[in-house]
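Novice: Have a look at this one before I ask anything.
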Amino acid sequence: MSDEITGTEPGQEVAPSDGDTKALRPGEWPPADVEHHLRRTDTDPKAQARAVRQVATMFMLSAVMVVLFIVAFIAIPRDAVVSIPFIGPISALNSAMGLTFGLAIFLIGAGAVHWAKKLMSNVEVVQERHPMKSTEDETELAADIYEVGKEQSTWAKFPIIRRTMLAAMALVPIPFIVSLRDLWIQPADVGTPSAELRRTIWEPGMRLVTDITYQPIKADEIPTGGLVNAVPENLREVEEDDHNLNARAKAAVIVVRMLPEEIQSQQSPEGTDWGYEGILCFSKICTHVGCPISLYQQRTHLLLCPCHQSTFDLSDSAEVVFGPAYRRMPQLPIEVDDEGYLVAVSDFPEPVGPSFWEISRP
Amino acid sequence: MSTEQISGIEKKGASAATYVDERVHSNSWFSRNLNKVFPDHWSFMLGEIALYSFVVVLLSGVYLTLFYKPSVVEVIYDGPYIPLKGVTISEAYDSALAISFEVRGGLLMRQIHHWSALFFVVAIAVHMFRVFFTGAFRKPRELNWVVGMTLALMALAAGFTGYSLPDDLLSGTGLRIIEGIILAIPVIGTWASFLVFGGEFPGVDIISRLYGIHILLVPGIIVGLITVHLMMVWTQKHTQFPGPGRTDKNVVGYPLMPVYMAKAGGFFFLIFGLITIIAGIVQINPIWIFGPYTPDQVSAGTQPDWYIGWLDGALRLMPNIEWIIFDYTISLNVLIPTVVLPGLIVTAAIIYPWLEAWATGDKREHHVLDRPRNAPTRTALGVMAIVFYVILWVGGGNDIIAVGFDLSINFMIWFLRFALIILPALAFIITKRICLSLQRRDRDKLLHGRETGRILRLPTGEFIEVHAPVNEEERAVLESKPDDKPLPEPPESDSAGVRNPKYKSGRRAAGLSRFLYRDTIEKPTEAEIHHGDEAIEAEDDFEAPLLEREESMHVAHDGSVLAKPAVDAPETTSDNGDGGSEQS
């Protein structure tokens with residue numbers, strides 16, 4: 001190989017091929033049988049010198065950009081903001097760093113490509129392909145080697161070894177799969193997954209409180225047509241004990257108030273009221289795939305999920321009127337306590353959130 | 001090169017090469033590969049863009065791991081972003097905010113990471129279309145097509161797991177939807193969800209689990225598959241578009257050293273630089289605006305990254321069907337759009353090369369690419385798939401469109417449900433018609449040459465248009481049209497009356513073959529082309545005296561005809577066919 005490197009001829013002046021056949025140097029492919037267009041840089045020494053200057057300038061500017069990057073990194077405060085036309089106000093530091101670093105990289109690429117296009121050989125050449133298929137001899141030899149190996153291994157001779165080994169190999173991944181079982185360690189006081197999904201932390205007498213400030217909600221504070229996002233009063237302690245948002249992901253509710261005569265039906269048994277003077281409470285977690293819903297149109301009593309546009313009619317048992325959800329939004333039975341605050345009568349009678357395999361099991 | 005022209009550095013390089021070669025036989029490899037020829041075409045850069053953006057993703061990702069904390073331990077935010085001061089947030093979100101506001105260059109790296117990830121997926125998608133529409137997946141490249149498909153899926157997995165890491169409101173909402181999808185899986189869904197999330201949603205484990213998958217498992221698989229992908233490209237050599245001198249047995253282009261080292265190497269810097277500049281000035285995924293994730297909040301109009309949007313659209317367009325069988329629930333409204341549909345599409349795409357090979361009965365190696373028009377049914381299928389995808393994607397943004405154009409969301413959904421069935425079929429038919437029309441034009445060009453727009457009136461009074469022969473390059477492209485014919489129906493039994501055991505599968509192959517290759521415009525035969533060439537020459541003969549006359553005159557700008565000096569008249573007649581002399 002080193003012979004080939006040093007064996008090539010010394011003349012390296014730009015000699016654009018003018019189509020006449022000349023002996024190929026080692027390592028050179030024959031030119032393709034297509035018209036070769038001479039570039040200006042091939043014919044005009046001035047154009048060539050200009051291209052050389054351009055390439056070198058790009059590489060040099062790249063280095064300048066690196067210096068500017070460091071200047072920007074040191075000099076621009078983190079919270080400075082600049083306004084760029086069509087883009088708006090953005091972080092000055094970020095944009096300065098992005099532009100200088102980006103240009104530093106880009107200019108290297110631009111220089112290299114310009115160099116290749118203007119100055120490197122642009123003669124299209126031909127290389128032969130070889131079929132992917134190995135030659136008969138190679139294939140035969142491989143088969144022979146296989147046969148010899150098979151015989152020497154006694155693979156075919158002792159089927160008991162073959163079968164037991166295959167069985168062992170098939171079983172050996174099982175411990176790894178089994179080990180994945182404890183991706184969820186079931187706490188002692190927790191039921192099966194499906195039991196957990198049916199339960200929320202709502203319980204009889206639990207006050208409804210606002211979802212961020214945890215203020216209890218008085219029935220007469222909710223205007224007709226109003227909507228309040230609420231959670232159970234004990235959520236705060238549960239979250240602090242558990243260090244997670246699991247309880248919130250199931251217990252979040254919305255409270256709406258409409259005129260009692262506008263209520264066409266509720267999820268309560270015939271003749272009973274799970275609301276209070278037109279105040280109704282529903283799960284906030286969509287029964288489709290679990291997005292929280294709070295887009296409510298008070299005039300039509302429709303509740304629209306922002307994720308996939310399932311629409312529920314809150315005045316008619318929160319039945320699905322449009323969209324991909326199948327189950328209605330579960331209603332939380334509520335009443336008022338002695339002080340006039342809204343409280344839950346019980347947990348949700350129906351499971352909240354997305355459907356799952358066992359959800360309709362009794 | 002003679003010795004005095006070898007510089008000191010080159011000498012050191014040569015001895016280093018020798019040192020390595022004596023240990024790993026590397027010079028032999030260089031001798032075969034350093035000047036490997038690659039064909040030139042802009043569309044061959046698409047795969048390169050994917051590769052280079054992936055390198056950028058890796059580099060920026062490593063930087064981010066130095067600062068990001070995959071933990072949902074709650075902390076009180078006390079950073080420079082005023083609106084969130086005092087809010088309880090997860091450590092993951094806190095560190096993402098610190099990267100964005102406190103670490104100098106952190107926001108830039110975050111945005112480089114996100115932008116390059118988008119470039120990566122877009123480039124993969126467009127590269128895949130290029131490969132599909134040009135038939136580059138045909139033998140011997142079927143296996144690489146499968147590797148590429150797997151890479152595309154891994155890119156989606158990388159994108160989705162990364163999207164979830166900042167633990168902002170958007171990423172949490174995405175996870176919630178994933179939980180809903182897992183829950184919908186029959187039999188094991190409930191347990192699977194508890195295992196994935198370490199209990200109920202959202203739990204405290206998911207972020208650190210996704211982190212491991214995002215920074216180790218998925219990129220590891222991607223790096224491995226890219227290596228295989230490139231090794232196959234290297235071994236099989238790159239495909240080339242049809243052109244003069246290009247056959248299935250050669251490759252016409254430029255050598256790796258020096259041209260492609262400079263071009264492809266430079267292109268990496270161009271891509272990296274471009275992404276960095278964009279990341280510097282165009283904001284992406286401003287996680288601070290959305291706030292921390294809590295499962296009871298969502299903001300309307302939030303959108304997933306574009307490559308997940310189509311599945312979200314499918315979820316929206318699916319009618320609400322849920323089956324309850326023996327008290328067990330099967331949520332078809334979730335399963336069909338997010339599990340069945342993508343499963344079918346991916347399977348169809350993966351097996352397509354074998355379907356086509358089966359329907360052609362073709363066992364040859366293909367290295368010259370098809371022009372999309374010359375495979376009309378394949379092209380139509382591809383466009384159909386794109387239209388299907390785009391409609392689902394539009395469905396994923398239907399709320400934004402409905403608000404933007406003041407449309408009813410219910411109308412949008414019903415429109416898209418019908419469009420999803422009608423428009424792809426329409427796209428199929430139209431694309432095929434366009435392909436066949438283009439084939440017809442190609443045939444005309446081969447037969448009659450190029451129309452020049454010059455009309456001649458013959459002495460007999462007849463008007464003819466003068467045609468010019470197509471040049472060599474174009475002719476080679478036009479003649480590259482393959483002669484695909486549908487497979488014949490297999491015989492039901494042989495001459496001795498024995499039933500053909502492969503009759504049924506043969507009939508199916510023939511049926512598919514008819515579907516793919518029935519409609520085509522016959523390529524003219526050699527004799528027809530020859531005949532056409534003669535006609536063109538005859539037209540030239542008619543025109544020649546006129547051209548000669550024209551040459552002998554000089555027409556000034558004001559239209560006045562001046563006598564032209566006779567000296568330079570004769571030489572130009574031959575290449576005067578390109579118009580420009582009509583004004584006389």
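Labels for the structure tokens follow display order: chains A, B, ..., residues from 1 in each chain, ligands from 1.
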So that I can check the secondary structure, give me every residue of range 416-513 of chain B assigned helix (DSSP H, G or I) by backbone DSSP, as a PyMOL selection string.
Specialist: chain B and resi 416-448+472-478+503-513
Novice: Based on the selection just made, write C-alpha atoms of those residues as a short mmCIF file (atom, residue, chain, number, x, y, z; two decimals), in the first residue's frame.
Specialist:
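Wrote it out as selection-v5.cif, contents follow:
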data_model
loop_
_atom_site.label_atom_id
_atom_site.label_comp_id
_atom_site.auth_asym_id
_atom_site.auth_seq_id
_atom_site.Cartn_x
_atom_site.Cartn_y
_atom_site.Cartn_z
CA LEU B 416 -61.67 14.46 8.47
CA ARG B 417 -63.31 11.10 9.15
CA PHE B 418 -64.65 11.05 5.60
CA ALA B 419 -61.51 12.63 4.18
CA LEU B 420 -59.43 9.86 5.75
CA ILE B 421 -61.21 7.32 3.59
CA ILE B 422 -61.84 9.32 0.42
CA LEU B 423 -58.75 11.48 -0.08
CA PRO B 424 -56.10 8.71 0.03
CA ALA B 425 -58.06 6.76 -2.58
CA LEU B 426 -58.33 9.90 -4.69
CA ALA B 427 -54.63 10.59 -4.24
CA PHE B 428 -53.89 7.06 -5.43
CA ILE B 429 -55.89 7.48 -8.61
CA ILE B 430 -54.59 10.96 -9.40
CA THR B 431 -50.95 10.06 -8.75
CA LYS B 432 -51.20 7.04 -10.98
CA ARG B 433 -52.76 9.09 -13.75
CA ILE B 434 -50.01 11.70 -13.45
CA CYS B 435 -47.33 9.00 -13.59
CA LEU B 436 -48.86 7.49 -16.70
CA SER B 437 -49.13 10.88 -18.35
CA LEU B 438 -45.48 11.52 -17.64
CA GLN B 439 -44.68 8.12 -19.12
CA ARG B 440 -46.61 9.09 -22.22
CA ARG B 441 -44.61 12.30 -22.54
CA ASP B 442 -41.39 10.32 -22.11
CA ARG B 443 -42.48 8.00 -24.86
CA ASP B 444 -43.27 10.91 -27.15
CA LYS B 445 -39.89 12.45 -26.45
CA LEU B 446 -38.10 9.22 -27.24
CA LEU B 447 -40.10 8.80 -30.44
CA HIS B 448 -40.26 12.32 -31.77
CA GLU B 472 -27.59 11.78 -24.88
CA GLU B 473 -28.06 12.27 -21.16
CA GLU B 474 -31.82 12.63 -21.39
CA ARG B 475 -32.08 9.72 -23.77
CA ALA B 476 -30.25 7.47 -21.33
CA VAL B 477 -32.68 8.52 -18.59
CA LEU B 478 -35.74 7.97 -20.79
CA TYR B 503 -51.51 -22.77 -8.13
CA LYS B 504 -53.13 -20.77 -5.34
CA SER B 505 -50.11 -18.74 -4.29
CA GLY B 506 -49.23 -18.27 -7.95
CA ARG B 507 -52.66 -16.82 -8.61
CA ARG B 508 -52.29 -14.44 -5.70
CA ALA B 509 -48.88 -13.33 -6.93
CA ALA B 510 -50.28 -12.84 -10.42
CA GLY B 511 -53.16 -10.79 -8.99
CA LEU B 512 -50.81 -8.53 -7.04
CA SER B 513 -48.59 -8.33 -10.08
#
Novice: Would you pick out the contacts of Glu335 in chain A at 7 Å or less, using only C-alpha atoms, so that residues sharing its chain but fewer than 2 positions from it are not included, and give the list as a list of chain:residue names?
Specialist: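 Non-adjacent residues within range: A:Gly275, A:Tyr276, A:Asp337, A:Leu342, A:Val343, A:Ala344, A:Val345.
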Novice: Take the residues just selected and output them with C-alpha atoms as a PDB file, in the first residue's frame.
Specialist:
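And here is the file that came out, again-v4.pdb:
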ATOM      1  CA  GLY A 275     -76.364  17.521  43.565  1.00  0.00           C
ATOM      2  CA  TYR A 276     -77.415  20.470  45.654  1.00  0.00           C
ATOM      3  CA  ASP A 337     -72.679  20.233  55.653  1.00  0.00           C
ATOM      4  CA  LEU A 342     -70.011  21.326  49.874  1.00  0.00           C
ATOM      5  CA  VAL A 343     -69.089  17.801  50.952  1.00  0.00           C
ATOM      6  CA  ALA A 344     -69.027  14.421  49.244  1.00  0.00           C
ATOM      7  CA  VAL A 345     -71.711  11.880  50.104  1.00  0.00           C
TER       8      VAL A 345
END
Novice: Quick one: residues within 10 Å of range 204-217 of chain B, only C-alpha atoms counted, chain neighbours fewer than 2 positions away excluded, as a VMD selection string?
Specialist: (chain A and resid 183 to 184 242 to 246) or (chain B and resid 58 61 to 62 65 68 to 73 90 92 154 157 to 167 172 175 195 to 202 219 to 222)
Novice: Show me, as a PDB file with N, CA, C and O atoms, in the first residue's frame, every residue of chain A with an atom at most 6 Å from chain B, counting only C-alpha atoms.
Specialist:
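Contents of part_32.pdb, as written:
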ATOM      1  N   THR A   6       3.542   6.245  -2.535  1.00  0.00           N
ATOM      2  CA  THR A   6       4.728   6.927  -3.035  1.00  0.00           C
ATOM      3  C   THR A   6       4.928   6.660  -4.519  1.00  0.00           C
ATOM      4  O   THR A   6       5.661   7.362  -5.177  1.00  0.00           O
ATOM      5  N   THR A   8       2.872   7.080  -6.948  1.00  0.00           N
ATOM      6  CA  THR A   8       2.175   7.950  -7.882  1.00  0.00           C
ATOM      7  C   THR A   8       3.107   9.042  -8.365  1.00  0.00           C
ATOM      8  O   THR A   8       4.066   9.395  -7.714  1.00  0.00           O
ATOM      9  N   GLU A   9       2.759   9.562  -9.505  1.00  0.00           N
ATOM     10  CA  GLU A   9       3.690  10.490 -10.144  1.00  0.00           C
ATOM     11  C   GLU A   9       3.693  11.857  -9.459  1.00  0.00           C
ATOM     12  O   GLU A   9       2.726  12.233  -8.803  1.00  0.00           O
ATOM     13  N   PRO A  10       4.774  12.595  -9.617  1.00  0.00           N
ATOM     14  CA  PRO A  10       4.931  13.831  -8.868  1.00  0.00           C
ATOM     15  C   PRO A  10       4.051  14.977  -9.357  1.00  0.00           C
ATOM     16  O   PRO A  10       3.600  15.769  -8.559  1.00  0.00           O
ATOM     17  N   ASN A  94     -28.196  33.679  24.614  1.00  0.00           N
ATOM     18  CA  ASN A  94     -28.465  32.467  23.850  1.00  0.00           C
ATOM     19  C   ASN A  94     -28.298  32.707  22.355  1.00  0.00           C
ATOM     20  O   ASN A  94     -27.668  31.920  21.658  1.00  0.00           O
ATOM     21  N   SER A  95     -28.848  33.827  21.864  1.00  0.00           N
ATOM     22  CA  SER A  95     -28.767  34.042  20.425  1.00  0.00           C
ATOM     23  C   SER A  95     -27.334  34.376  20.011  1.00  0.00           C
ATOM     24  O   SER A  95     -26.883  33.931  18.952  1.00  0.00           O
ATOM     25  N   GLY A  98     -25.510  31.123  20.037  1.00  0.00           N
ATOM     26  CA  GLY A  98     -25.979  30.281  18.944  1.00  0.00           C
ATOM     27  C   GLY A  98     -25.422  30.749  17.614  1.00  0.00           C
ATOM     28  O   GLY A  98     -24.961  29.949  16.797  1.00  0.00           O
ATOM     29  N   LEU A  99     -25.450  32.068  17.397  1.00  0.00           N
ATOM     30  CA  LEU A  99     -24.976  32.591  16.114  1.00  0.00           C
ATOM     31  C   LEU A  99     -23.473  32.408  15.950  1.00  0.00           C
ATOM     32  O   LEU A  99     -23.016  31.944  14.901  1.00  0.00           O
ATOM     33  N   GLY A 102     -22.705  28.591  15.952  1.00  0.00           N
ATOM     34  CA  GLY A 102     -23.289  28.026  14.737  1.00  0.00           C
ATOM     35  C   GLY A 102     -22.489  28.422  13.508  1.00  0.00           C
ATOM     36  O   GLY A 102     -22.167  27.589  12.665  1.00  0.00           O
ATOM     37  N   LEU A 103     -22.133  29.714  13.422  1.00  0.00           N
ATOM     38  CA  LEU A 103     -21.370  30.155  12.252  1.00  0.00           C
ATOM     39  C   LEU A 103     -19.975  29.538  12.249  1.00  0.00           C
ATOM     40  O   LEU A 103     -19.450  29.194  11.183  1.00  0.00           O
ATOM     41  N   ILE A 105     -19.144  26.652  13.203  1.00  0.00           N
ATOM     42  CA  ILE A 105     -19.262  25.297  12.658  1.00  0.00           C
ATOM     43  C   ILE A 105     -19.619  25.366  11.176  1.00  0.00           C
ATOM     44  O   ILE A 105     -19.014  24.701  10.331  1.00  0.00           O
ATOM     45  N   PHE A 106     -20.618  26.196  10.875  1.00  0.00           N
ATOM     46  CA  PHE A 106     -21.153  26.264   9.509  1.00  0.00           C
ATOM     47  C   PHE A 106     -20.064  26.646   8.512  1.00  0.00           C
ATOM     48  O   PHE A 106     -19.983  26.096   7.415  1.00  0.00           O
ATOM     49  N   GLY A 109     -17.919  23.896   7.320  1.00  0.00           N
ATOM     50  CA  GLY A 109     -18.616  23.100   6.316  1.00  0.00           C
ATOM     51  C   GLY A 109     -18.673  23.821   4.984  1.00  0.00           C
ATOM     52  O   GLY A 109     -18.405  23.241   3.928  1.00  0.00           O
ATOM     53  N   ALA A 112     -15.316  23.730   3.267  1.00  0.00           N
ATOM     54  CA  ALA A 112     -14.981  22.404   2.732  1.00  0.00           C
ATOM     55  C   ALA A 112     -15.778  22.122   1.463  1.00  0.00           C
ATOM     56  O   ALA A 112     -15.228  21.631   0.464  1.00  0.00           O
ATOM     57  N   VAL A 113     -17.072  22.434   1.498  1.00  0.00           N
ATOM     58  CA  VAL A 113     -17.901  22.137   0.326  1.00  0.00           C
ATOM     59  C   VAL A 113     -17.490  23.018  -0.857  1.00  0.00           C
ATOM     60  O   VAL A 113     -17.407  22.559  -2.005  1.00  0.00           O
ATOM     61  N   ALA A 116     -14.410  21.639  -2.337  1.00  0.00           N
ATOM     62  CA  ALA A 116     -14.691  20.450  -3.143  1.00  0.00           C
ATOM     63  C   ALA A 116     -15.305  20.833  -4.477  1.00  0.00           C
ATOM     64  O   ALA A 116     -14.960  20.276  -5.518  1.00  0.00           O
ATOM     65  N   GLU A 124     -16.318  12.776 -13.231  1.00  0.00           N
ATOM     66  CA  GLU A 124     -17.070  11.611 -12.768  1.00  0.00           C
ATOM     67  C   GLU A 124     -16.338  10.351 -13.194  1.00  0.00           C
ATOM     68  O   GLU A 124     -15.905  10.234 -14.337  1.00  0.00           O
ATOM     69  N   VAL A 125     -16.225   9.407 -12.260  1.00  0.00           N
ATOM     70  CA  VAL A 125     -15.467   8.189 -12.550  1.00  0.00           C
ATOM     71  C   VAL A 125     -16.357   6.959 -12.379  1.00  0.00           C
ATOM     72  O   VAL A 125     -17.462   7.052 -11.836  1.00  0.00           O
ATOM     73  N   VAL A 126     -15.892   5.856 -12.859  1.00  0.00           N
ATOM     74  CA  VAL A 126     -16.677   4.617 -12.809  1.00  0.00           C
ATOM     75  C   VAL A 126     -15.964   3.578 -11.966  1.00  0.00           C
ATOM     76  O   VAL A 126     -14.769   3.342 -12.136  1.00  0.00           O
ATOM     77  N   GLN A 127     -16.703   2.964 -11.077  1.00  0.00           N
ATOM     78  CA  GLN A 127     -16.185   1.810 -10.351  1.00  0.00           C
ATOM     79  C   GLN A 127     -17.114   0.643 -10.636  1.00  0.00           C
ATOM     80  O   GLN A 127     -18.329   0.819 -10.715  1.00  0.00           O
ATOM     81  N   GLU A 128     -16.519  -0.527 -10.813  1.00  0.00           N
ATOM     82  CA  GLU A 128     -17.359  -1.701 -11.076  1.00  0.00           C
ATOM     83  C   GLU A 128     -18.032  -2.173  -9.796  1.00  0.00           C
ATOM     84  O   GLU A 128     -17.505  -2.005  -8.709  1.00  0.00           O
ATOM     85  N   ARG A 129     -19.213  -2.753  -9.939  1.00  0.00           N
ATOM     86  CA  ARG A 129     -19.843  -3.417  -8.799  1.00  0.00           C
ATOM     87  C   ARG A 129     -19.582  -4.916  -8.901  1.00  0.00           C
ATOM     88  O   ARG A 129     -19.314  -5.435  -9.979  1.00  0.00           O
ATOM     89  N   LEU A 183     -41.168  -4.190  39.188  1.00  0.00           N
ATOM     90  CA  LEU A 183     -41.263  -2.800  38.734  1.00  0.00           C
ATOM     91  C   LEU A 183     -42.334  -2.086  39.548  1.00  0.00           C
ATOM     92  O   LEU A 183     -42.303  -0.888  39.740  1.00  0.00           O
ATOM     93  N   TRP A 184     -43.308  -2.846  39.999  1.00  0.00           N
ATOM     94  CA  TRP A 184     -44.275  -2.302  40.949  1.00  0.00           C
ATOM     95  C   TRP A 184     -44.292  -3.203  42.179  1.00  0.00           C
ATOM     96  O   TRP A 184     -44.646  -4.366  42.087  1.00  0.00           O
ATOM     97  N   ASN A 244     -46.374  11.995  46.067  1.00  0.00           N
ATOM     98  CA  ASN A 244     -46.692  11.851  44.647  1.00  0.00           C
ATOM     99  C   ASN A 244     -48.061  12.430  44.353  1.00  0.00           C
ATOM    100  O   ASN A 244     -48.776  12.871  45.249  1.00  0.00           O
ATOM    101  N   ASN A 246     -50.506  10.810  42.720  1.00  0.00           N
ATOM    102  CA  ASN A 246     -51.446   9.761  42.304  1.00  0.00           C
ATOM    103  C   ASN A 246     -52.877  10.061  42.716  1.00  0.00           C
ATOM    104  O   ASN A 246     -53.814   9.886  41.931  1.00  0.00           O
ATOM    105  N   ALA A 249     -54.499  12.623  40.634  1.00  0.00           N
ATOM    106  CA  ALA A 249     -54.787  12.173  39.275  1.00  0.00           C
ATOM    107  C   ALA A 249     -56.135  11.472  39.174  1.00  0.00           C
ATOM    108  O   ALA A 249     -56.652  11.294  38.084  1.00  0.00           O
ATOM    109  N   VAL A 289     -58.719   8.915  27.553  1.00  0.00           N
ATOM    110  CA  VAL A 289     -57.373   8.520  27.950  1.00  0.00           C
ATOM    111  C   VAL A 289     -56.830   9.356  29.106  1.00  0.00           C
ATOM    112  O   VAL A 289     -55.621   9.392  29.327  1.00  0.00           O
ATOM    113  N   PRO A 292     -57.213  15.902  31.932  1.00  0.00           N
ATOM    114  CA  PRO A 292     -58.126  16.673  32.774  1.00  0.00           C
ATOM    115  C   PRO A 292     -58.958  17.629  31.906  1.00  0.00           C
ATOM    116  O   PRO A 292     -58.434  18.241  30.991  1.00  0.00           O
ATOM    117  N   PRO A 306     -59.892  19.012  25.984  1.00  0.00           N
ATOM    118  CA  PRO A 306     -58.989  19.706  25.055  1.00  0.00           C
ATOM    119  C   PRO A 306     -58.060  18.754  24.305  1.00  0.00           C
ATOM    120  O   PRO A 306     -57.508  19.117  23.278  1.00  0.00           O
ATOM    121  N   HIS A 308     -58.717  15.376  23.032  1.00  0.00           N
ATOM    122  CA  HIS A 308     -59.271  14.664  21.890  1.00  0.00           C
ATOM    123  C   HIS A 308     -60.731  15.001  21.622  1.00  0.00           C
ATOM    124  O   HIS A 308     -61.429  14.268  20.926  1.00  0.00           O
ATOM    125  N   PRO A 324     -64.357  10.670  20.892  1.00  0.00           N
ATOM    126  CA  PRO A 324     -63.934   9.278  21.011  1.00  0.00           C
ATOM    127  C   PRO A 324     -64.208   8.620  22.370  1.00  0.00           C
ATOM    128  O   PRO A 324     -64.063   7.410  22.483  1.00  0.00           O
ATOM    129  N   ALA A 325     -64.573   9.385  23.407  1.00  0.00           N
ATOM    130  CA  ALA A 325     -64.813   8.742  24.713  1.00  0.00           C
ATOM    131  C   ALA A 325     -66.072   7.890  24.641  1.00  0.00           C
ATOM    132  O   ALA A 325     -67.029   8.227  23.944  1.00  0.00           O
ATOM    133  N   TYR A 326     -66.065   6.785  25.370  1.00  0.00           N
ATOM    134  CA  TYR A 326     -67.222   5.887  25.351  1.00  0.00           C
ATOM    135  C   TYR A 326     -68.036   6.041  26.623  1.00  0.00           C
ATOM    136  O   TYR A 326     -69.257   6.078  26.592  1.00  0.00           O
ATOM    137  N   PRO A 354     -59.574   6.595  32.421  1.00  0.00           N
ATOM    138  CA  PRO A 354     -59.697   5.767  31.217  1.00  0.00           C
ATOM    139  C   PRO A 354     -60.215   4.364  31.523  1.00  0.00           C
ATOM    140  O   PRO A 354     -60.043   3.855  32.631  1.00  0.00           O
ATOM    141  N   PHE A 356     -60.328   0.318  31.436  1.00  0.00           N
ATOM    142  CA  PHE A 356     -59.314  -0.737  31.470  1.00  0.00           C
ATOM    143  C   PHE A 356     -60.023  -2.072  31.421  1.00  0.00           C
ATOM    144  O   PHE A 356     -61.255  -2.152  31.522  1.00  0.00           O
ATOM    145  N   TRP A 357     -59.258  -3.115  31.239  1.00  0.00           N
ATOM    146  CA  TRP A 357     -59.774  -4.472  30.974  1.00  0.00           C
ATOM    147  C   TRP A 357     -60.853  -4.893  31.958  1.00  0.00           C
ATOM    148  O   TRP A 357     -61.899  -5.382  31.577  1.00  0.00           O
ATOM    149  N   GLU A 358     -60.600  -4.671  33.260  1.00  0.00           N
ATOM    150  CA  GLU A 358     -61.521  -5.207  34.278  1.00  0.00           C
ATOM    151  C   GLU A 358     -62.560  -4.179  34.718  1.00  0.00           C
ATOM    152  O   GLU A 358     -63.276  -4.417  35.694  1.00  0.00           O
ATOM    153  N   SER A 360     -65.480  -3.189  33.875  1.00  0.00           N
ATOM    154  CA  SER A 360     -66.909  -3.505  33.965  1.00  0.00           C
ATOM    155  C   SER A 360     -67.189  -4.705  34.856  1.00  0.00           C
ATOM    156  O   SER A 360     -68.331  -5.133  34.971  1.00  0.00           O
ATOM    157  N   ARG A 361     -66.120  -5.270  35.445  1.00  0.00           N
ATOM    158  CA  ARG A 361     -66.343  -6.408  36.352  1.00  0.00           C
ATOM    159  C   ARG A 361     -67.119  -5.924  37.555  1.00  0.00           C
ATOM    160  O   ARG A 361     -66.903  -4.821  38.040  1.00  0.00           O
TER     161      ARG A 361
END
Novice: Excluding Leu61 in chain A and residues on its chain fewer than 3 positions from it, collect all residues at most 8 Å away from it, counting only C-alpha atoms, and give them as a count of residues only.
Specialist: 6
Novice: Could you list, as a ChimeraX atom specification, every residue within 6 Å of range 295-303 of chain A, counting only C-alpha atoms and ignoring same-chain residues fewer than 3 positions away?
Specialist: /A:225,311-315
Novice: Could you write out the selected residues, including N, CA and C atoms, as a tab-separated table (two decimals), in the first residue's frame?
Specialist:
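See result24.tsv below for the written result:
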chain	number	residue	atom	x	y	z
A	225	GLY	N	-74.19	28.90	36.36
A	225	GLY	CA	-73.33	28.97	35.17
A	225	GLY	C	-71.85	28.91	35.51
A	311	THR	N	-66.94	15.11	24.14
A	311	THR	CA	-67.85	16.12	24.67
A	311	THR	C	-68.93	15.45	25.51
A	312	PHE	N	-69.16	16.00	26.67
A	312	PHE	CA	-70.11	15.41	27.62
A	312	PHE	C	-71.16	16.44	27.97
A	313	ASP	N	-72.41	15.99	28.10
A	313	ASP	CA	-73.50	16.90	28.46
A	313	ASP	C	-73.73	16.81	29.96
A	314	LEU	N	-73.27	17.79	30.71
A	314	LEU	CA	-73.36	17.73	32.17
A	314	LEU	C	-74.79	17.82	32.67
A	315	SER	N	-75.69	18.38	31.85
A	315	SER	CA	-77.08	18.47	32.31
A	315	SER	C	-77.80	17.14	32.09
